[in-house]
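Notes follow once the structure below has been shown.
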Amino acid sequence: MLGVGLATAASAQQYDPNVRLPEIRVTPRPEPETLPPSSTPSRVDTLTGPELTRDRPSVLPDALERLPGVTLQSEQGNRLQSNLAVRGFTASPVTGLPQGLSVFLDGVRLNEPTVEEVNFDLIPLEDIERVDVIRGPSVLFGRNTLGGAVNMVTRRGKEVREIVPEVAVGSFGHRDYRLRLGGAARPLDYALSLTESLEDGYRDFADSRVSRVFGKLGLATGGTDATLSYQYSQNRIKQAGSLPERDAREHPRRNFTAGDFFEPELHQAIFNGEQQITERLTVTVNGFVRALDAEQFNVSLIAPNSRLLNRTRSTGGTVQATHDGTLTGRHNVLVFGAEYARHDVRSQTLEESAGARETQANLTDVQDAVGLWAQDSLTVLRDLFLPGSSLILTVAGRWDFLRHDIDDRLGGPSGGVHAFDRFNPRAGLNFNLSPRARVFASYSEGFRAPAFLELTCAGPGAVCPGLQVGVAPDPPLHAVAAQSWELGGQARPLTWLEVDLSGFRTDVRDDIFSVAPTGTTGVFFQNIGATRREGVELGLRGRGAIVDGFLNYTFTRATFQDRVELSTPLPPGTQTVRPGDSLALVPQHRINAGVVYRPWAWLALSAGAGWVGEQFLRGDEANVHRPLPAYWVANVGASVTARGFEAFVRVNNVLDERYETFGTFAVNGREPGGPVQRFLTPALPLNVLAGLQYAF
């Protein structure tokens, strides 16, 4: 939808010109926040290509787990569909979770229009050149940016032609086959990749296949720079899900409801263009076409099986102008832009039992989304207290509008038009003491409109089976609004050491939660009043001639601020949540560290470890039951490069720790009486991935 991205690398990387940096190719991105870190009043973490691929991640959340405060939960029981949590907000492929992070690829919003979920398996991670994680709500990233935004920029062909085949094999039948091509014939450049990834799976009946083609063509001549990319993906992922606690501990490979699967097919084309109008004025444009057909099948032991068929057709674009000049004799950068996107969604829910299939819901939703924004950054003072220092004021605002036109094709009461809009301001200060140190403070607001699925399952009289689309009349949901404060700083006290420290508080009004009544396999959605996320993020990073390392600590407290009655699978079916109770599956403490040692130019040895604190189970928002235990996991790896060859090996969970990253309560349909029990998702035991690639 909105084209977003940061045109800067990690701020700390820019402090010292002697630091070895990977090549960063500037590509056109219609992004309002095209400002250096000295003018960005928020925390931004950046990973570049080598950092992204070093640990051989399967999907984007795996690559981001090394960053401060990033936590993963494996609800679906496979490598490809993890939940990504930042500052207590979630981006997830699981429908029904309160999504609070926006994810973008080359300026296009990847949050699906069904319920703002993110299908990480459809992201071409092997073609990503840079990822920026922008913390906190930023009005310039539009709707759904409550906890932050993740922006990805794909690679372009370079001057030197490359042909890189890669093969990797690993535990549980894991096989990767990739071919990457790229080059340039000025003024054109090109990049192409082919990917096939197969796995039998750690759990029973949990095999997966990911197939993808990604190509990108670029043009750079004079003041014009443009790219056109196309992606085709066709995946099939079987979902093992969670297990009753006893099985999770004693028989973690079991599959409680064998047969669940997700099968998406994607066509996506993205155009980005940038034109230098004058020395100080630049105009960027973005356009996209996206077609996604997805099938989700859920097996149930206490009700008919359900099959969800979603068809989404999306088109849209943005236009933005940036003027880099002066105002009252002071340096000033003004950015303003507009976007429009239309989504045409069709969702069918089928129930299947004893070979019979019955249509339970057949709805369409035509969504129109509009955004208008402006941002101005003014250098208010220079040489304040210290020579070379500066004080920069940034003010911004964005108006968002989203309209749902829902039609019930079965003639039920779900049809209707539902419109939401909001203006969100932002203001921040950057005090740059020197090129090696800065502090910042900001206030911003965010907005999330109720999604299609939420609007059709909005009440206890409209429970959606298996998280499928429902049939609720007259949805009572309100839009979610967030107010966020952030204070932080970055410093390079030593030539080899970078320090990042930030504190934040985000107050959310009318948060939307999915709740599950006792004895059902479905959910409904409701506003739950006020919630709060607050915490501290500390990151240390060292860069030496032969050793690089990092150490992060994050404290996050996510709490309810109002007294509210929530449904729960646990008898008697409701729970009283009090102000101060913790949100489920948000650990208060997280520590992770890693090191890369290069004793010779051809050898790199790596090791890392992470510790995640206790988390309350989903369904226990009242915090009265035993939480998910804290856990820690360690990984090691090595790579050897010589004459164009690179061989690598990665050992995850090297100490073979047994732990769980997700927990909830559900009906155990295999026991007499169908008791409600704790269900946990076991994490992968020790597993190995080894591979070889050659660059022609």
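Residue numbering restarts at 1 for every chain of the structure tokens, chains are lettered A, B, ... in their displayed order, and ligands are numbered from 1 as they appear.
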*asked:* Taking the DSSP secondary structure from the backbone, can you list the residues of stretch 494-641 of chain A that are strand (DSSP E or B), as a VMD selection string?
replied: chain A and resid 494 497 to 509 512 to 515 522 to 527 530 to 543 547 to 560 564 to 567 574 to 577 582 589 to 600 603 to 612 615 618 628 631 to 641
Which residues of stretch 100-184 of chain A come within 9 Å of stretch 39-62 of chain A, and for each one, what is the closest pair of atoms and their distance in Å to one decimal, counting only C-alpha atoms, sorted by chain and residue number, as CSV?
```
residue,atom,partner,partner_atom,distance
A:Phe120,CA,A:Val59,CA,6.1
A:Asp121,CA,A:Val59,CA,6.3
A:Leu122,CA,A:Val59,CA,8.9
A:Ile123,CA,A:Leu60,CA,7.5
A:Pro124,CA,A:Val59,CA,8.6
A:Leu125,CA,A:Leu60,CA,6.5
A:Glu126,CA,A:Thr53,CA,7.6
A:Asp127,CA,A:Gly49,CA,8.6
A:Ile128,CA,A:Gly49,CA,6.6
A:Glu129,CA,A:Gly49,CA,4.8
A:Arg130,CA,A:Thr48,CA,4.4
A:Val131,CA,A:Leu47,CA,5.2
A:Asp132,CA,A:Thr46,CA,4.5
A:Val133,CA,A:Asp45,CA,5.1
A:Ile134,CA,A:Val44,CA,4.6
A:Arg135,CA,A:Arg43,CA,5.5
A:Gly136,CA,A:Ser42,CA,7.5
A:Arg155,CA,A:Gly49,CA,8.8
```
Emit the selected residues as an mmCIF file, in the first residue's frame, including C-alpha atoms.
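See selection_1.cif below for the written result:
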```cif
data_model
loop_
_atom_site.group_PDB
_atom_site.id
_atom_site.type_symbol
_atom_site.label_atom_id
_atom_site.label_comp_id
_atom_site.auth_asym_id
_atom_site.auth_seq_id
_atom_site.Cartn_x
_atom_site.Cartn_y
_atom_site.Cartn_z
ATOM 1 C CA PHE A 120 6.322 -14.310 6.103
ATOM 2 C CA ASP A 121 6.717 -17.346 3.832
ATOM 3 C CA LEU A 122 5.879 -15.097 0.845
ATOM 4 C CA ILE A 123 8.737 -12.645 1.513
ATOM 5 C CA PRO A 124 11.765 -13.202 -0.802
ATOM 6 C CA LEU A 125 14.291 -13.052 2.034
ATOM 7 C CA GLU A 126 17.192 -14.226 -0.148
ATOM 8 C CA ASP A 127 16.680 -11.106 -2.314
ATOM 9 C CA ILE A 128 16.570 -8.560 0.532
ATOM 10 C CA GLU A 129 19.444 -6.067 0.559
ATOM 11 C CA ARG A 130 18.492 -4.190 3.721
ATOM 12 C CA VAL A 131 15.906 -4.303 6.513
ATOM 13 C CA ASP A 132 15.052 -1.304 8.701
ATOM 14 C CA VAL A 133 13.113 -1.810 11.925
ATOM 15 C CA ILE A 134 11.634 1.553 12.930
ATOM 16 C CA ARG A 135 10.432 1.444 16.540
ATOM 17 C CA GLY A 136 7.228 3.039 17.761
ATOM 18 C CA ARG A 155 18.653 -5.973 -4.229
#
```
Name the residues in contact with A:Val688 at a cut-off of 8 Å, using only C-alpha atoms, excluding same-chain residues fewer than 3 positions from it; report them as a short mmCIF file (atom, residue, chain, number, x, y, z; two decimals) with C-alpha atoms, in the first residue's frame.
```cif
data_model
loop_
_atom_site.label_atom_id
_atom_site.label_comp_id
_atom_site.auth_asym_id
_atom_site.auth_seq_id
_atom_site.Cartn_x
_atom_site.Cartn_y
_atom_site.Cartn_z
CA GLY A 170 19.78 -30.18 7.00
CA SER A 171 17.92 -31.95 9.76
CA VAL A 649 27.29 -25.05 8.55
CA ARG A 650 24.81 -23.85 11.16
CA VAL A 651 23.90 -25.74 14.35
CA ASN A 652 20.79 -24.39 16.08
#
```
_Would you compute the distance between atom CA of A:Phe401 and atom CA of A:Asn144? Give it in Å to one decimal._
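Going from atom CA of A:Phe401 over to atom CA of A:Asn144 covers 12.1 Å.
Atom pair atom CA of A:Pro627 / atom CA of A:Ser242: separated by 15.8 Å.
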*Quote the spacing between atom CA of A:Gly594 and atom CA of A:Gly100 in Å to one decimal place.*
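Computed distance, atom CA of A:Gly594 to atom CA of A:Gly100, equals 28.0 Å.
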Would you pick out the contacts of stretch 681-685 of chain A at 8 Å or less, using only C-alpha atoms, so that residues sharing its chain but fewer than 3 positions from it are not included, and give the list as a compact mmCIF listing (two decimals) with C-alpha atoms, in the first residue's frame?
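Saved to result33.txt:
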```
# COMPACT_ATOMS: atom_id res chain seq x y z
CA SER A 74 5.85 -20.70 17.01
CA GLU A 75 2.10 -21.11 17.28
CA GLN A 76 1.73 -23.16 14.09
CA GLY A 77 4.56 -25.56 14.85
CA TYR A 202 10.32 -32.06 12.93
CA GLY A 241 0.16 -26.62 15.92
CA SER A 242 0.30 -27.06 19.68
CA LEU A 243 -0.03 -30.18 21.82
CA ALA A 248 4.51 -31.59 24.29
CA ARG A 249 6.91 -32.71 27.01
CA PRO A 252 6.98 -33.49 21.08
CA ASN A 653 19.93 -25.27 19.68
CA ASP A 656 19.50 -29.58 22.61
CA GLU A 657 17.40 -27.63 25.12
CA ARG A 658 13.73 -28.65 25.36
CA TYR A 659 11.43 -25.64 25.66
CA GLU A 660 8.21 -24.11 24.36
CA THR A 661 7.67 -20.66 22.83
CA PHE A 662 3.86 -20.65 22.74
CA GLY A 663 1.05 -21.73 25.05
```
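Among the candidate residues A:Val380, A:Val612, A:Ala584, A:Leu655, the one lying nearest to A:Pro98 is A:Ala584, with distances computed using only C-alpha atoms.
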Given only C-alpha atoms, how would the per-residue table for stretch 503-546 of chain A near stretch 83-89 of chain A read, listing every residue at most 8 Å away with its closest atom pair and distance in Å to one decimal, sorted by chain and number, as a tab-separated table?
```
residue	atom	partner	partner_atom	distance
A:Arg533	CA	A:Gly88	CA	6.3
A:Glu534	CA	A:Arg87	CA	7.6
A:Gly535	CA	A:Arg87	CA	7.7
```
_Exercise: stretch 257-271 of chain A partners within 7 Å, only C-alpha atoms, chain neighbours under 4 positions left out, as a count of residues only_ = 30
*Would you mind listing what lies within 8 Å of A:Phe420 as a ChimeraX atom specification, with only C-alpha atoms counted and same-chain residues fewer than 3 positions away left out?*
/A:401-403,449,479
Expected file: the selected residues, C-alpha atoms, as a PDB file, in the first residue's frame:
```
ATOM      1  CA  PHE A 401      -9.103   6.824   5.741  1.00  0.00           C
ATOM      2  CA  LEU A 402     -10.286   3.221   5.319  1.00  0.00           C
ATOM      3  CA  ARG A 403     -13.675   2.162   3.984  1.00  0.00           C
ATOM      4  CA  ALA A 449      -8.948   0.339  11.763  1.00  0.00           C
ATOM      5  CA  ALA A 479     -10.742   1.800  15.701  1.00  0.00           C
TER       6      ALA A 479
END
```
Would you mind listing what lies within 10 Å of A:Leu110 as an mmCIF file with N, CA and C atoms, in the first residue's frame, with only C-alpha atoms counted and same-chain residues fewer than 2 positions away left out?
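Writing the result to around-v2.cif gives the following:
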```
data_model
loop_
_atom_site.group_PDB
_atom_site.id
_atom_site.type_symbol
_atom_site.label_atom_id
_atom_site.label_comp_id
_atom_site.auth_asym_id
_atom_site.auth_seq_id
_atom_site.Cartn_x
_atom_site.Cartn_y
_atom_site.Cartn_z
ATOM 1 N N MET A 1 0.847 -1.181 0.000
ATOM 2 C CA MET A 1 0.000 0.000 0.000
ATOM 3 C C MET A 1 0.874 1.219 0.000
ATOM 4 N N LEU A 2 1.141 1.835 1.148
ATOM 5 C CA LEU A 2 2.013 3.011 1.172
ATOM 6 C C LEU A 2 3.446 2.580 0.941
ATOM 7 N N SER A 102 3.582 -2.884 11.032
ATOM 8 C CA SER A 102 3.445 -2.825 9.581
ATOM 9 C C SER A 102 4.710 -3.373 8.934
ATOM 10 N N VAL A 103 4.545 -4.102 7.827
ATOM 11 C CA VAL A 103 5.663 -4.705 7.116
ATOM 12 C C VAL A 103 5.577 -4.287 5.653
ATOM 13 N N PHE A 104 6.707 -3.807 5.096
ATOM 14 C CA PHE A 104 6.738 -3.278 3.741
ATOM 15 C C PHE A 104 7.860 -3.921 2.941
ATOM 16 N N LEU A 105 7.610 -4.129 1.660
ATOM 17 C CA LEU A 105 8.608 -4.626 0.719
ATOM 18 C C LEU A 105 8.666 -3.668 -0.462
ATOM 19 N N GLY A 107 8.378 -0.596 -0.651
ATOM 20 C CA GLY A 107 7.346 0.421 -0.601
ATOM 21 C C GLY A 107 5.929 -0.086 -0.580
ATOM 22 N N VAL A 108 5.698 -1.407 -0.609
ATOM 23 C CA VAL A 108 4.352 -1.968 -0.644
ATOM 24 C C VAL A 108 4.043 -2.640 0.687
ATOM 25 N N GLU A 112 -1.903 -8.215 5.089
ATOM 26 C CA GLU A 112 -3.010 -8.616 4.225
ATOM 27 C C GLU A 112 -4.298 -7.881 4.603
ATOM 28 N N PRO A 113 -5.158 -7.573 3.626
ATOM 29 C CA PRO A 113 -6.391 -6.830 3.924
ATOM 30 C C PRO A 113 -7.451 -7.648 4.644
ATOM 31 N N GLU A 116 -4.945 -7.906 8.497
ATOM 32 C CA GLU A 116 -3.634 -7.286 8.699
ATOM 33 C C GLU A 116 -2.549 -8.295 9.034
ATOM 34 N N GLU A 117 -2.778 -9.588 8.772
ATOM 35 C CA GLU A 117 -1.750 -10.589 9.028
ATOM 36 C C GLU A 117 -0.631 -10.469 8.002
ATOM 37 N N VAL A 118 0.515 -11.063 8.313
ATOM 38 C CA VAL A 118 1.686 -11.011 7.434
ATOM 39 C C VAL A 118 2.135 -12.443 7.148
ATOM 40 N N ASN A 119 2.146 -12.821 5.880
ATOM 41 C CA ASN A 119 2.585 -14.153 5.471
ATOM 42 C C ASN A 119 4.088 -14.111 5.195
ATOM 43 N N PHE A 120 4.876 -14.412 6.227
ATOM 44 C CA PHE A 120 6.322 -14.310 6.103
ATOM 45 C C PHE A 120 6.889 -15.272 5.065
ATOM 46 N N LEU A 122 5.952 -15.694 2.177
ATOM 47 C CA LEU A 122 5.879 -15.097 0.845
ATOM 48 C C LEU A 122 6.926 -14.007 0.624
ATOM 49 N N ILE A 123 7.720 -13.697 1.637
ATOM 50 C CA ILE A 123 8.737 -12.645 1.513
ATOM 51 C C ILE A 123 10.008 -13.243 0.921
ATOM 52 N N ASN A 151 10.709 -2.354 7.264
ATOM 53 C CA ASN A 151 10.811 -2.010 5.860
ATOM 54 C C ASN A 151 11.956 -2.769 5.206
ATOM 55 N N ARG A 290 -1.207 -6.757 -6.941
ATOM 56 C CA ARG A 290 -0.957 -7.923 -6.096
ATOM 57 C C ARG A 290 -2.173 -8.845 -6.143
#
```
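Closest approach to A:Arg346 among A:Arg563, A:Arg311, A:His418, A:Arg541: A:Arg311, based on only C-alpha atoms.
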*So, counting only C-alpha atoms, which residue among A:Thr576, A:Ser138, A:Gly412, A:Trp611 is closest to A:Ser442?*
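Under the stated criterion, the closest residue is A:Ser138.
Minimum distance to A:Val480 across A:Val417, A:Val167, A:Leu146, A:Val370 (counting only C-alpha atoms) occurs at A:Leu146.
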*Based on DSSP run over this structure's backbone, return all residues of stretch 402-596 of chain A in helix (DSSP H, G or I), as a PyMOL selection string.*
chain A and resi 452-456
*asked:* Under the rule that only C-alpha atoms are counted, which of A:Leu219, A:Val210, A:Met152, A:Leu603 is the nearest residue to A:Asp176?
replied: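 Of A:Leu219, A:Val210, A:Met152, A:Leu603, the one nearest A:Asp176 is A:Val210, counting only C-alpha atoms.
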